[in-house]
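One structure is given here, and the rest of the page talks about it.
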Amino acid sequence: MKYILLSCLVFLINCSNKTNLKVTSTAIEKEENLIQVLDTIWSTEQTPIRLRDSLMAIYGVDSELVKGQQVIIEKNHAINEKKVKDILDKYGWPTKEKAGQQGNWTICNVIQHSDNEVRIKYLPMMRQAVKDKKLEPRFLVRAEDRIATERGDLQIYGGQMKYYPKTKSFNLWPVYDPVNIDKRRTEIGLDSIAVFLKNRFDFEWNLEEQIKRTKEFELAKQKK
């Protein structure tokens, strides 16, 4: 069964890579093609990630198959990032009518997978898009938390998990004021942190543990 699953994964990898090569950045020169381009970006950005996660579940985080799939993810992302930058720089943040139902999600995912420099560059545009009702607040929250974690700061809304090599396990990146995190999340229309972590990562929220981790994080930062 394991070998059958692996064969299916390899087939999907090949399909994903070929699709990304077919649609180049020249396709965005016509605005009416935007939905098609974004659909392709979504497929080539997300399919390899799902395949990597499936391989990780079978063979472990440090397997060569997982590392090989990561190379494909990074190659596809470099292409997709250029396409998304071209779209935003040329048209600004698109409306749902122009981008399609999944278009904004696609753009935000690519930005989320980019370097912090890219996230910071487009953060003002994302904030304005939320004000203009073009973008759901949850996507802005993800970017805000990712920027904070990449800077080595406490995250605000608890959207970012990290892999800790020392314990070989995933845990929530420490959050600012864990006691009031649900209040902050509710104010912008998000589920409680416990519900979010369970649904998204199958991770159990433990307030006492996270308070302790936040204090340890702050102390370590002060020492630095």
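Going by the structure tokens order, chains are called A, B, ..., each with residues numbered from 1, while ligands are numbered from 1 in the order shown.
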
Excluding region 72-84 of chain A and any residue of its chain fewer than 2 positions from it, enumerate the residues within 7 Å of it, using only C-alpha atoms, and give them as a list in words.
Ser25, Ile41, Thr44, Glu45, Pro48, Ile49, Gly68, Gln69, Gln70, Asp86, Ile87, Leu88, Ile107 and Val110 of chain A

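In terms of minimum interatomic distance to Lys67 (chain A), A:Leu55 ranks closest within A:Leu34, A:Leu55, A:Val130, A:Val118, counting only C-alpha atoms.
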
Among chain A, which ones does DSSP place in alpha helix (DSSP H), written as a PyMOL selection string?
chain A and resi 2-22+34-59+64-91+96-99+103-113+116-131+137-151+181-187+193-201+207-223

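Considering only C-alpha atoms, the residue among A:Ser54, A:Asn33, A:Asn116, A:Asn206 positioned nearest to Arg151 (chain A) is A:Asn116.
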
Point-to-point distance from CA of Ala143 (chain A) to CA of Gly159 (chain A), Å rounded to tenths
9.1 Å

Where does DSSP see strand (DSSP E or B) in region 2-197 of chain A, if you list the residues as a PyMOL selection string?
chain A and resi 155+161-164+169-172+175

Would you save the residues of that selection, restricted to N, CA and C atoms, as a JSON list (two decimals), in the first residue's frame?
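result34.json was written with the following content:
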[["chain", "number", "residue", "atom", "x", "y", "z"],
["A", 155, "GLN", "N", 4.22, 36.42, 18.28],
["A", 155, "GLN", "CA", 3.11, 36.61, 17.35],
["A", 155, "GLN", "C", 1.87, 37.07, 18.12],
["A", 161, "MET", "N", 2.83, 27.91, 13.50],
["A", 161, "MET", "CA", 3.47, 26.77, 14.16],
["A", 161, "MET", "C", 4.90, 26.69, 13.65],
["A", 162, "LYS", "N", 5.79, 26.15, 14.48],
["A", 162, "LYS", "CA", 7.19, 25.98, 14.07],
["A", 162, "LYS", "C", 7.66, 24.58, 14.43],
["A", 163, "TYR", "N", 8.59, 24.08, 13.61],
["A", 163, "TYR", "CA", 9.23, 22.80, 13.92],
["A", 163, "TYR", "C", 10.49, 23.07, 14.73],
["A", 164, "TYR", "N", 10.57, 22.41, 15.87],
["A", 164, "TYR", "CA", 11.71, 22.58, 16.77],
["A", 164, "TYR", "C", 12.62, 21.36, 16.69],
["A", 169, "SER", "N", 9.67, 18.15, 17.15],
["A", 169, "SER", "CA", 8.21, 18.26, 17.22],
["A", 169, "SER", "C", 7.78, 19.68, 16.84],
["A", 170, "PHE", "N", 6.49, 19.80, 16.49],
["A", 170, "PHE", "CA", 5.92, 21.10, 16.18],
["A", 170, "PHE", "C", 5.28, 21.69, 17.44],
["A", 171, "ASN", "N", 5.37, 23.00, 17.56],
["A", 171, "ASN", "CA", 4.69, 23.70, 18.65],
["A", 171, "ASN", "C", 4.35, 25.10, 18.17],
["A", 172, "LEU", "N", 3.44, 25.72, 18.88],
["A", 172, "LEU", "CA", 3.05, 27.08, 18.55],
["A", 172, "LEU", "C", 4.20, 28.04, 18.84],
["A", 175, "VAL", "N", 3.24, 33.39, 21.80],
["A", 175, "VAL", "CA", 2.34, 34.49, 21.48],
["A", 175, "VAL", "C", 2.37, 35.57, 22.55]]

Using only C-alpha atoms, which protein or nucleic acid residues come within 7 Å of region 96-102 of chain A? Drop anything in the same chain fewer than 3 positions from it, and give the result as an MDAnalysis selection string.
chainID A and resid 34:35 105:106 134

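The two atoms in question, CA of Leu123 (chain A) and CA of Arg185 (chain A), are spaced 18.9 Å apart.
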